[in-house]
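Asker: Before I ask anything, let me first share the structure, which is written out below as structure tokens.
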Amino acid sequence: MRGGRVAVALWLAAAAWAPAHADQPLLRPASDVDVTYRAATPPGSRPFEQRVRWMALAQIMRIDPPTAGVHVIIDYPAKRMSVVRDATRSVIEMAAPDSIAGALGSGGTGYVRRGQATVAGRPCTEWQTQDRDAHVALVCITEDGVLLRAGTSDQVRVSAVSVRYAPQDPEAFRVPPDYVRRRQGATQ
């Protein structure tokens with residue numbers, strides 16, 4: 001995962017990390033769901049897709065970026081992130097970055113309803129908030145907490161292209177026990 005792909009993964013994770021309050025969207029899916037997103041890229045670059053799966057009861061997200069053989073598991077209750085590399089049968093474990101926790105709706109800015117939309121055939125409510133740098137952020141989220149679109153006032157950054165509600169296989173959210181585990185910045 002590099003550059004823009006990392007930013008998109010963190011943008012998706014940030015939306016799920018932020019707490020919910022009155023008159024704002026549910027920010028973590030209430031049901032197991034499998035979403036494929038298309039991310040915007042700089043002009044002249046090809047857009048890319050990445051898959052995000054969510055186990056609602058455990059509050060664990062798996063992000064499969066377009067880079068083959070790599071995926072990220074974020075355990076929200078434990079505030080842990082694991083970057084899994086199948087080619088090297090290894091995983092780098094770390095605390096989830098603080099930037100994930102405060103990326104959207106930070107500083108008490110809250111959310112303002114902006115209307116309704118349909119993304120990937122699903123209805124969602126459009127909300128305006130601010131990112132941690134006080135820039136306007138626009139998100140479209142289903143009533144049950146699935147982020148379908150995110151961006152700024154002038155650009156859609158990510159948009160769902162498919163949404164499938166179904167029970168998720170817990171094994172997809174676990175690091176294989178024989179993988180070499182390393183902590184960020186250290187070898188184990």
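Order determines the names: the first chain of the structure tokens is A, the second B, and so forth; residues in each chain are numbered 1 upward, and ligands are numbered 1 upward as they are shown.
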Pull the strand (DSSP E or B) assignments for stretch 26-60 of chain A out of DSSP run on the backbone, and list those residues as a PyMOL selection string.
Answerer: chain A and resi 33-39+48-55+60
Asker: How close does stretch 22-47 of chain A get to stretch 139-149 of chain A? List, as JSON lines, each residue of stretch 22-47 of chain A within 12 Å, its nearest atom pair and the distance in Å to one decimal, counting only C-alpha atoms.
Answerer:
{"residue": "A:Asp23", "atom": "CA", "partner": "A:Glu143", "partner_atom": "CA", "distance": 11.7}
{"residue": "A:Gln24", "atom": "CA", "partner": "A:Ile141", "partner_atom": "CA", "distance": 10.0}
{"residue": "A:Pro25", "atom": "CA", "partner": "A:Gly145", "partner_atom": "CA", "distance": 6.8}
{"residue": "A:Leu26", "atom": "CA", "partner": "A:Gly145", "partner_atom": "CA", "distance": 4.6}
{"residue": "A:Leu27", "atom": "CA", "partner": "A:Gly145", "partner_atom": "CA", "distance": 5.0}
{"residue": "A:Arg28", "atom": "CA", "partner": "A:Gly145", "partner_atom": "CA", "distance": 5.0}
{"residue": "A:Pro29", "atom": "CA", "partner": "A:Gly145", "partner_atom": "CA", "distance": 4.2}
{"residue": "A:Ala30", "atom": "CA", "partner": "A:Asp144", "partner_atom": "CA", "distance": 5.4}
{"residue": "A:Ser31", "atom": "CA", "partner": "A:Asp144", "partner_atom": "CA", "distance": 7.4}
{"residue": "A:Asp32", "atom": "CA", "partner": "A:Val146", "partner_atom": "CA", "distance": 9.8}
{"residue": "A:Val33", "atom": "CA", "partner": "A:Val146", "partner_atom": "CA", "distance": 8.1}
{"residue": "A:Asp34", "atom": "CA", "partner": "A:Val146", "partner_atom": "CA", "distance": 9.7}
{"residue": "A:Val35", "atom": "CA", "partner": "A:Leu148", "partner_atom": "CA", "distance": 8.4}
{"residue": "A:Thr36", "atom": "CA", "partner": "A:Leu148", "partner_atom": "CA", "distance": 9.5}
{"residue": "A:Tyr37", "atom": "CA", "partner": "A:Leu148", "partner_atom": "CA", "distance": 8.0}
{"residue": "A:Arg38", "atom": "CA", "partner": "A:Arg149", "partner_atom": "CA", "distance": 9.5}
{"residue": "A:Ala39", "atom": "CA", "partner": "A:Arg149", "partner_atom": "CA", "distance": 9.7}
{"residue": "A:Ala40", "atom": "CA", "partner": "A:Arg149", "partner_atom": "CA", "distance": 11.1}
Asker: Could you list, as a list in words, every residue within 10 Å of A:Val72, counting only C-alpha atoms and ignoring same-chain residues fewer than 2 positions away?
Answerer: Met1, Ala9, Val52, Met61, Arg62, Ile63, Asp64, Pro65, Val70, Ile74, Asp75, Met81, Ser82, Val83, Val84, Arg85, Val91, Ile92, Glu93, Phe173 and Val175 of chain A
